[in-house]
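What follows is the content of start-v3.cif, which has mmCIF, C-alpha atoms:
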```
data_coords
#
loop_
_atom_site.label_atom_id
_atom_site.label_comp_id
_atom_site.auth_asym_id
_atom_site.auth_seq_id
_atom_site.Cartn_x
_atom_site.Cartn_y
_atom_site.Cartn_z
CA MET A 1 -16.69 -16.05 -12.86
CA PRO A 2 -17.14 -13.38 -15.60
CA ARG A 3 -15.04 -13.77 -18.73
CA SER A 4 -12.14 -11.34 -19.16
CA TRP A 5 -11.96 -8.98 -22.11
CA PHE A 6 -9.01 -8.40 -24.42
CA TRP A 7 -9.51 -4.99 -26.03
CA LEU A 8 -7.60 -3.43 -28.91
CA LEU A 9 -7.91 0.31 -29.50
CA GLY A 10 -6.69 0.55 -33.07
CA GLY A 11 -6.23 3.11 -35.80
CA PRO A 12 -3.61 4.93 -37.85
CA ASN A 13 -1.11 7.33 -36.28
CA GLY A 14 -2.73 10.66 -35.48
CA SER A 15 -6.31 9.38 -35.44
CA GLY A 16 -6.79 10.50 -31.83
CA LYS A 17 -6.84 7.12 -30.12
CA SER A 18 -5.38 8.34 -26.82
CA THR A 19 -7.78 11.28 -26.71
CA PHE A 20 -10.72 9.00 -27.47
CA ALA A 21 -9.58 6.60 -24.76
CA ALA A 22 -10.13 9.36 -22.18
CA THR A 23 -13.76 10.01 -23.21
CA ASP A 24 -16.93 8.83 -21.52
CA ILE A 25 -17.92 7.17 -24.80
CA PHE A 26 -14.88 4.92 -24.70
CA ALA A 27 -15.33 4.15 -21.01
CA ARG A 28 -18.90 3.00 -21.66
CA LEU A 29 -17.70 0.78 -24.51
CA THR A 30 -14.87 -1.01 -22.73
CA LYS A 31 -15.18 -0.81 -18.96
CA THR A 32 -17.70 -3.47 -18.12
CA PRO A 33 -18.84 -3.36 -14.48
CA GLU A 34 -16.91 -6.48 -13.47
CA HIS A 35 -13.64 -5.12 -14.90
CA ALA A 36 -13.92 -1.33 -14.53
CA ALA A 37 -11.29 -1.18 -11.79
CA ASP A 38 -8.68 -3.59 -13.13
CA LEU A 39 -8.50 -3.11 -16.90
CA THR A 40 -4.78 -2.73 -17.64
CA LEU A 41 -3.86 -0.23 -20.36
CA ILE A 42 -0.83 -1.02 -22.53
CA ASN A 43 0.31 1.86 -24.75
CA PRO A 44 3.66 1.50 -26.56
CA ASP A 45 3.87 5.29 -26.92
CA ILE A 46 3.79 5.69 -23.14
CA LEU A 47 6.43 2.98 -22.77
CA ALA A 48 8.57 4.72 -25.41
CA ARG A 49 8.29 8.01 -23.52
CA GLU A 50 9.47 6.33 -20.32
CA ILE A 51 12.41 4.72 -22.13
CA ARG A 52 13.32 8.06 -23.73
CA ILE A 53 13.38 9.77 -20.33
CA ASN A 54 15.42 7.04 -18.66
CA ARG A 55 17.83 6.59 -21.57
CA PRO A 56 18.26 9.96 -23.31
CA GLY A 57 21.03 8.61 -25.54
CA ALA A 58 18.87 5.94 -27.15
CA GLY A 59 17.89 6.39 -30.78
CA PRO A 60 14.26 6.41 -32.00
CA ASP A 61 14.45 2.97 -33.65
CA GLU A 62 15.97 1.41 -30.54
CA ILE A 63 13.31 3.02 -28.35
CA ALA A 64 10.50 1.82 -30.63
CA ARG A 65 11.81 -1.75 -30.67
CA GLU A 66 12.17 -1.90 -26.90
CA ALA A 67 8.73 -0.38 -26.33
CA ALA A 68 7.20 -2.95 -28.68
CA THR A 69 9.03 -5.79 -26.94
CA ARG A 70 7.87 -4.63 -23.52
CA SER A 71 4.26 -4.21 -24.62
CA ASP A 72 4.23 -7.65 -26.27
CA SER A 73 5.58 -9.21 -23.06
CA GLN A 74 2.91 -7.48 -20.99
CA VAL A 75 0.16 -8.67 -23.32
CA HIS A 76 1.36 -12.26 -23.17
CA ALA A 77 1.71 -12.18 -19.37
CA LEU A 78 -1.73 -10.66 -18.76
CA ILE A 79 -3.47 -13.13 -21.07
CA GLY A 80 -1.57 -15.95 -19.39
CA ASP A 81 -2.93 -14.76 -16.03
CA GLY A 82 -6.46 -14.30 -17.36
CA LYS A 83 -6.44 -10.55 -16.65
CA PRO A 84 -8.49 -8.01 -18.63
CA LEU A 85 -6.41 -5.69 -20.80
CA LEU A 86 -6.57 -2.90 -23.34
CA VAL A 87 -3.82 -2.33 -25.93
CA GLU A 88 -3.50 0.81 -28.00
CA THR A 89 -2.08 0.04 -31.44
CA VAL A 90 -1.80 1.39 -34.98
CA LEU A 91 -2.81 -2.16 -36.02
CA SER A 92 -0.76 -1.91 -39.22
CA THR A 93 0.49 -5.52 -39.03
CA ALA A 94 -0.83 -8.95 -38.11
CA LYS A 95 1.25 -9.12 -34.91
CA PHE A 96 -1.77 -9.27 -32.57
CA ARG A 97 -3.48 -12.14 -34.39
CA PRO A 98 -1.73 -14.83 -32.27
CA SER A 99 -2.66 -12.91 -29.10
CA VAL A 100 -6.31 -12.76 -30.15
CA ILE A 101 -6.32 -16.48 -30.92
CA GLU A 102 -4.60 -17.28 -27.62
CA ALA A 103 -7.02 -15.10 -25.65
CA LYS A 104 -10.10 -16.67 -27.26
CA GLN A 105 -8.71 -20.13 -26.54
CA LYS A 106 -8.53 -19.05 -22.89
CA ASP A 107 -12.21 -18.06 -23.02
CA TYR A 108 -11.63 -14.32 -23.31
CA ARG A 109 -14.00 -12.03 -25.09
CA PHE A 110 -12.26 -9.93 -27.75
CA GLY A 111 -13.22 -6.33 -28.43
CA LEU A 112 -11.95 -3.92 -31.08
CA VAL A 113 -12.52 -0.17 -31.09
CA TYR A 114 -11.14 1.41 -34.26
CA VAL A 115 -10.61 5.13 -34.82
CA VAL A 116 -9.89 6.59 -38.26
CA LEU A 117 -9.76 9.89 -40.15
CA LYS A 118 -11.30 10.28 -43.59
CA ARG A 119 -7.98 11.09 -45.32
CA PRO A 120 -4.37 10.23 -44.35
CA GLU A 121 -3.38 13.86 -44.93
CA LEU A 122 -5.42 14.69 -41.85
CA ASN A 123 -3.42 12.13 -39.87
CA VAL A 124 -0.16 13.75 -40.98
CA ALA A 125 -1.44 17.19 -39.94
CA ARG A 126 -2.62 15.90 -36.55
CA VAL A 127 0.77 14.34 -35.81
CA GLN A 128 2.48 17.59 -36.76
CA GLN A 129 0.23 19.43 -34.32
CA ARG A 130 1.07 16.85 -31.66
CA VAL A 131 4.79 17.42 -32.17
CA LEU A 132 4.30 21.15 -31.55
CA LEU A 133 2.80 20.17 -28.19
CA ASP A 134 5.88 18.05 -27.36
CA GLY A 135 4.40 14.81 -28.69
CA HIS A 136 6.42 12.22 -30.57
CA HIS A 137 7.22 12.56 -34.27
CA VAL A 138 6.27 10.02 -36.93
CA ASP A 139 7.59 10.27 -40.47
CA PRO A 140 4.75 11.45 -42.79
CA GLY A 141 5.55 8.70 -45.30
CA LYS A 142 5.16 6.07 -42.60
CA ILE A 143 1.87 7.59 -41.47
CA VAL A 144 0.41 7.30 -44.98
CA GLU A 145 1.78 3.78 -45.46
CA ARG A 146 0.44 2.59 -42.11
CA TYR A 147 -2.94 4.18 -42.81
CA GLY A 148 -3.56 1.76 -45.67
CA ARG A 149 -2.00 -1.23 -43.97
CA SER A 150 -4.06 -0.65 -40.82
CA LEU A 151 -7.32 -0.56 -42.76
CA GLN A 152 -6.37 -3.81 -44.48
CA GLN A 153 -6.02 -5.53 -41.10
CA LEU A 154 -9.68 -4.86 -40.30
CA LYS A 155 -10.72 -7.68 -42.64
CA TRP A 156 -9.31 -10.17 -40.16
CA PHE A 157 -9.69 -8.48 -36.77
CA ALA A 158 -13.22 -7.07 -37.01
CA PRO A 159 -15.02 -10.39 -37.76
CA GLU A 160 -13.06 -12.03 -34.91
CA ALA A 161 -14.38 -9.53 -32.37
CA ASP A 162 -17.16 -10.24 -29.91
CA TYR A 163 -17.76 -6.51 -30.08
CA PHE A 164 -16.48 -4.13 -32.77
CA THR A 165 -16.98 -0.42 -33.29
CA MET A 166 -15.44 1.93 -35.85
CA TRP A 167 -15.40 5.70 -35.44
CA ASP A 168 -14.65 8.67 -37.69
CA ASN A 169 -12.67 11.25 -35.71
CA SER A 170 -12.10 13.71 -38.58
CA ARG A 171 -14.14 16.56 -37.14
CA THR A 172 -11.88 18.95 -35.23
CA GLY A 173 -13.16 19.78 -31.77
CA GLY A 174 -16.19 17.52 -32.00
CA PRO A 175 -16.99 14.02 -30.77
CA PRO A 176 -16.17 11.07 -33.03
CA THR A 177 -18.90 9.71 -35.26
CA LEU A 178 -19.96 6.06 -35.09
CA LEU A 179 -19.57 4.29 -38.45
CA VAL A 180 -19.93 0.59 -37.69
CA GLU A 181 -21.06 -1.47 -34.68
CA ALA A 182 -21.01 -5.25 -34.78
CA THR A 183 -21.32 -8.40 -32.70
CA PRO A 184 -21.39 -12.01 -33.94
CA GLU A 185 -25.20 -11.77 -34.02
CA ARG A 186 -25.76 -8.40 -35.70
CA TYR A 187 -24.10 -5.42 -37.30
CA VAL A 188 -25.05 -1.83 -38.07
CA ILE A 189 -23.60 0.37 -40.80
CA THR A 190 -24.67 3.90 -39.88
CA ASP A 191 -25.94 6.62 -42.20
CA GLU A 192 -22.72 8.48 -41.45
CA ALA A 193 -20.71 5.56 -42.82
CA GLN A 194 -22.80 5.51 -45.99
CA ALA A 195 -22.27 9.26 -46.36
CA LEU A 196 -18.51 8.76 -45.94
CA ILE A 197 -18.52 6.13 -48.69
CA GLU A 198 -20.32 8.56 -51.02
CA ASP A 199 -18.15 11.57 -50.10
CA SER A 200 -15.70 12.42 -52.91
CA GLU A 201 -13.18 13.66 -50.33
CA THR A 202 -13.00 10.33 -48.49
CA GLU A 203 -9.80 8.36 -49.00
CA PRO A 204 -10.52 5.47 -51.42
CA MET A 205 -8.70 3.02 -49.13
CA LEU A 206 -11.20 3.85 -46.37
CA LYS A 207 -14.14 3.37 -48.72
CA HIS A 208 -12.72 0.01 -49.77
CA ALA A 209 -12.26 -1.03 -46.14
CA LEU A 210 -15.87 -0.16 -45.32
CA HIS A 211 -17.10 -2.21 -48.29
CA ASP A 212 -14.90 -5.12 -47.14
CA LEU A 213 -16.42 -4.92 -43.66
CA ILE A 214 -19.94 -4.97 -45.05
CA ASP A 215 -19.09 -8.04 -47.15
CA ALA A 216 -17.42 -9.76 -44.18
CA PHE A 217 -20.36 -9.23 -41.85
CA GLU A 218 -22.91 -10.29 -44.45
CA THR A 219 -21.16 -13.62 -44.94
#
```
Can the structure in the file be given as structure tokens, please?
Amino acid sequence: MPRSWFWLLGGPNGSGKSTFAATDIFARLTKTPEHAADLTLINPDILAREIRINRPGAGPDEIAREAATRSDSQVHALIGDGKPLLVETVLSTAKFRPSVIEAKQKDYRFGLVYVVLKRPELNVARVQQRVLLDGHHVDPGKIVERYGRSLQQLKWFAPEADYFTMWDNSRTGGPPTLLVEATPERYVITDEAQALIEDSETEPMLKHALHDLIDAFET
């Protein structure tokens, strides 16, 4: 029997994770032939939207907590049943570490696809554009804070992955650019990643995260 995959689609708010998830590139990365039909997507934003519709009087913090609780329960149940799953997450905390450990103990493969923009100001602007299109609001201060915290989490999650890719989605209207691709046996840091490190406009936290990844994979 083929091993199930536990995928995380991570990245700061406004990086374009949901849009990327609908692309052919993402489908080729995550939908292995044996699981193409039954990969369950868990997106707390979608759960929050459903809660908001069903309970219009609920406040944003209450909605966020309930959406997180529901998504966590779904993750635990699917891993318990050995089912393949994909979770979309900002990845700004260590909350999924126990799930990754549990999944690997149950002989899952773990995959991480990470989407980022070169500066957090771009994330703030993208979220503002999303709000104009009836998307959900995120406080700009939280977006910037989570940007750095999310990048810090890569030091743990990326080396744990059986397959890891990192993408720069800064270019408006164009496809994302591959920065890093890694398995336990090999890793590739692309020329585009090196250019991003050398670019004076790149957020220093992102440069630091890329250097940390290089160090982690080399050891």
At a cut-off of 9 Å, can you tabulate as CSV every residue of segment 170-189 of chain A near segment 155-165 of chain A together with its closest atom pair and the distance in Å to one decimal, using only C-alpha atoms and ordering rows by chain then number?
```
residue,atom,partner,partner_atom,distance
A:Leu178,CA,A:Thr165,CA,7.4
A:Leu179,CA,A:Thr165,CA,7.5
A:Val180,CA,A:Thr165,CA,5.4
A:Glu181,CA,A:Thr165,CA,4.4
A:Ala182,CA,A:Phe164,CA,5.1
A:Thr183,CA,A:Tyr163,CA,4.8
A:Pro184,CA,A:Asp162,CA,6.1
A:Tyr187,CA,A:Phe164,CA,9.0
```
| Shell around segment 107-116 of chain A at 8 Å using all atoms listed in the file, local window under 5 positions removed, as a VMD selection string | chain A and resid 3 to 12 15 to 17 30 82 100 157 to 158 160 to 170
| field | Answer as a PyMOL selection string, residues within 6 Å of (-8.7, 1.5, -41.9) using all atoms listed in the file | value | chain A and resi 150-151+206
| field | Radius query 12 Å about (-1.1, 7.6, -37.8), atoms used: all atoms listed in the file, as number ranges by chain | value | A: 10-18, 89-92, 115-117, 119-128, 130, 136-151
| Among listed residues A:Leu47, A:Ala94, A:Ala103, A:Leu132, nearest Ile79 of chain A (using all atoms listed in the file) |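 With all atoms listed in the file as the atom set, the closest residue is A:Ala103.
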| query | Near Pro60 of chain A, within 9 Å and counting only C-alpha atoms, which residues show up once chain neighbours fewer than 5 positions away are dropped, as a PyMOL selection string? | reply | chain A and resi 48+52+65
Take the residues that were just selected and, keeping C-alpha atoms, output them as a PDB file, in the frame of the given file.
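As written to disk, again-v7.pdb reads:
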```pdb
ATOM      1  CA  ALA A  48       8.570   4.720 -25.410  1.00  0.00           C
ATOM      2  CA  ARG A  52      13.320   8.060 -23.730  1.00  0.00           C
ATOM      3  CA  ARG A  65      11.810  -1.750 -30.670  1.00  0.00           C
TER       4      ARG A  65
END
```
| With all atoms listed in the file as the atoms that count, which of A:Asp72, A:Ile53, A:Phe20, A:Leu78 lies nearest to Thr40 of chain A? | A:Leu78
Because some atoms of segment 3-31 of chain A are absent here, can you restore N, CA and C atoms and send them as a PDB file, in the frame of the given file?
```pdb
ATOM      1  N   ARG A   3     -16.139 -13.612 -17.785  1.00  0.00           N
ATOM      2  CA  ARG A   3     -15.040 -13.770 -18.730  1.00  0.00           C
ATOM      3  C   ARG A   3     -14.278 -12.459 -18.880  1.00  0.00           C
ATOM      4  N   SER A   4     -12.955 -12.535 -18.962  1.00  0.00           N
ATOM      5  CA  SER A   4     -12.140 -11.340 -19.160  1.00  0.00           C
ATOM      6  C   SER A   4     -12.231 -10.868 -20.606  1.00  0.00           C
ATOM      7  N   TRP A   5     -11.973  -9.582 -20.785  1.00  0.00           N
ATOM      8  CA  TRP A   5     -11.960  -8.980 -22.110  1.00  0.00           C
ATOM      9  C   TRP A   5     -10.531  -8.631 -22.514  1.00  0.00           C
ATOM     10  N   PHE A   6     -10.233  -8.877 -23.776  1.00  0.00           N
ATOM     11  CA  PHE A   6      -9.010  -8.400 -24.420  1.00  0.00           C
ATOM     12  C   PHE A   6      -9.445  -7.353 -25.452  1.00  0.00           C
ATOM     13  N   TRP A   7      -9.124  -6.090 -25.166  1.00  0.00           N
ATOM     14  CA  TRP A   7      -9.510  -4.990 -26.030  1.00  0.00           C
ATOM     15  C   TRP A   7      -8.321  -4.499 -26.832  1.00  0.00           C
ATOM     16  N   LEU A   8      -8.541  -4.189 -28.102  1.00  0.00           N
ATOM     17  CA  LEU A   8      -7.600  -3.430 -28.910  1.00  0.00           C
ATOM     18  C   LEU A   8      -8.244  -2.098 -29.264  1.00  0.00           C
ATOM     19  N   LEU A   9      -7.516  -1.021 -29.032  1.00  0.00           N
ATOM     20  CA  LEU A   9      -7.910   0.310 -29.500  1.00  0.00           C
ATOM     21  C   LEU A   9      -6.996   0.619 -30.669  1.00  0.00           C
ATOM     22  N   GLY A  10      -7.515   0.474 -31.883  1.00  0.00           N
ATOM     23  CA  GLY A  10      -6.690   0.550 -33.070  1.00  0.00           C
ATOM     24  C   GLY A  10      -6.985   1.752 -33.934  1.00  0.00           C
ATOM     25  N   GLY A  11      -6.057   2.031 -34.839  1.00  0.00           N
ATOM     26  CA  GLY A  11      -6.230   3.110 -35.800  1.00  0.00           C
ATOM     27  C   GLY A  11      -4.907   3.729 -36.189  1.00  0.00           C
ATOM     28  N   PRO A  12      -4.854   4.346 -37.367  1.00  0.00           N
ATOM     29  CA  PRO A  12      -3.610   4.930 -37.850  1.00  0.00           C
ATOM     30  C   PRO A  12      -3.049   6.007 -36.916  1.00  0.00           C
ATOM     31  N   ASN A  13      -1.750   6.265 -37.052  1.00  0.00           N
ATOM     32  CA  ASN A  13      -1.110   7.330 -36.280  1.00  0.00           C
ATOM     33  C   ASN A  13      -1.865   8.646 -36.481  1.00  0.00           C
ATOM     34  N   GLY A  14      -2.090   9.360 -35.375  1.00  0.00           N
ATOM     35  CA  GLY A  14      -2.730  10.660 -35.480  1.00  0.00           C
ATOM     36  C   GLY A  14      -4.241  10.632 -35.535  1.00  0.00           C
ATOM     37  N   SER A  15      -4.849   9.463 -35.377  1.00  0.00           N
ATOM     38  CA  SER A  15      -6.310   9.380 -35.440  1.00  0.00           C
ATOM     39  C   SER A  15      -6.990   9.856 -34.167  1.00  0.00           C
ATOM     40  N   GLY A  16      -6.213  10.021 -33.092  1.00  0.00           N
ATOM     41  CA  GLY A  16      -6.790  10.500 -31.830  1.00  0.00           C
ATOM     42  C   GLY A  16      -7.192   9.382 -30.900  1.00  0.00           C
ATOM     43  N   LYS A  17      -6.481   8.258 -30.968  1.00  0.00           N
ATOM     44  CA  LYS A  17      -6.840   7.120 -30.120  1.00  0.00           C
ATOM     45  C   LYS A  17      -6.709   7.443 -28.643  1.00  0.00           C
ATOM     46  N   SER A  18      -5.599   8.049 -28.240  1.00  0.00           N
ATOM     47  CA  SER A  18      -5.380   8.340 -26.820  1.00  0.00           C
ATOM     48  C   SER A  18      -6.415   9.323 -26.296  1.00  0.00           C
ATOM     49  N   THR A  19      -6.750  10.316 -27.113  1.00  0.00           N
ATOM     50  CA  THR A  19      -7.780  11.280 -26.710  1.00  0.00           C
ATOM     51  C   THR A  19      -9.133  10.593 -26.575  1.00  0.00           C
ATOM     52  N   PHE A  20      -9.448   9.735 -27.523  1.00  0.00           N
ATOM     53  CA  PHE A  20     -10.720   9.000 -27.470  1.00  0.00           C
ATOM     54  C   PHE A  20     -10.772   8.083 -26.257  1.00  0.00           C
ATOM     55  N   ALA A  21      -9.627   7.511 -25.902  1.00  0.00           N
ATOM     56  CA  ALA A  21      -9.580   6.600 -24.760  1.00  0.00           C
ATOM     57  C   ALA A  21      -9.948   7.289 -23.458  1.00  0.00           C
ATOM     58  N   ALA A  22      -9.821   8.611 -23.406  1.00  0.00           N
ATOM     59  CA  ALA A  22     -10.130   9.360 -22.180  1.00  0.00           C
ATOM     60  C   ALA A  22     -11.577   9.841 -22.136  1.00  0.00           C
ATOM     61  N   THR A  23     -12.381   9.518 -23.156  1.00  0.00           N
ATOM     62  CA  THR A  23     -13.760  10.010 -23.210  1.00  0.00           C
ATOM     63  C   THR A  23     -14.725   9.083 -22.483  1.00  0.00           C
ATOM     64  N   ASP A  24     -15.863   9.636 -22.131  1.00  0.00           N
ATOM     65  CA  ASP A  24     -16.930   8.830 -21.520  1.00  0.00           C
ATOM     66  C   ASP A  24     -17.453   7.780 -22.499  1.00  0.00           C
ATOM     67  N   ILE A  25     -17.452   8.124 -23.791  1.00  0.00           N
ATOM     68  CA  ILE A  25     -17.920   7.170 -24.800  1.00  0.00           C
ATOM     69  C   ILE A  25     -17.081   5.899 -24.733  1.00  0.00           C
ATOM     70  N   PHE A  26     -15.765   6.085 -24.713  1.00  0.00           N
ATOM     71  CA  PHE A  26     -14.880   4.920 -24.700  1.00  0.00           C
ATOM     72  C   PHE A  26     -15.021   4.134 -23.401  1.00  0.00           C
ATOM     73  N   ALA A  27     -15.164   4.831 -22.295  1.00  0.00           N
ATOM     74  CA  ALA A  27     -15.330   4.150 -21.010  1.00  0.00           C
ATOM     75  C   ALA A  27     -16.579   3.277 -21.020  1.00  0.00           C
ATOM     76  N   ARG A  28     -17.658   3.787 -21.600  1.00  0.00           N
ATOM     77  CA  ARG A  28     -18.900   3.000 -21.660  1.00  0.00           C
ATOM     78  C   ARG A  28     -18.727   1.778 -22.559  1.00  0.00           C
ATOM     79  N   LEU A  29     -17.896   1.897 -23.594  1.00  0.00           N
ATOM     80  CA  LEU A  29     -17.700   0.780 -24.510  1.00  0.00           C
ATOM     81  C   LEU A  29     -16.910  -0.357 -23.876  1.00  0.00           C
ATOM     82  N   THR A  30     -15.866  -0.012 -23.118  1.00  0.00           N
ATOM     83  CA  THR A  30     -14.870  -1.010 -22.730  1.00  0.00           C
ATOM     84  C   THR A  30     -14.874  -1.403 -21.260  1.00  0.00           C
ATOM     85  N   LYS A  31     -15.323  -0.523 -20.387  1.00  0.00           N
ATOM     86  CA  LYS A  31     -15.180  -0.810 -18.960  1.00  0.00           C
ATOM     87  C   LYS A  31     -16.459  -1.447 -18.418  1.00  0.00           C
TER      88      LYS A  31
END
```
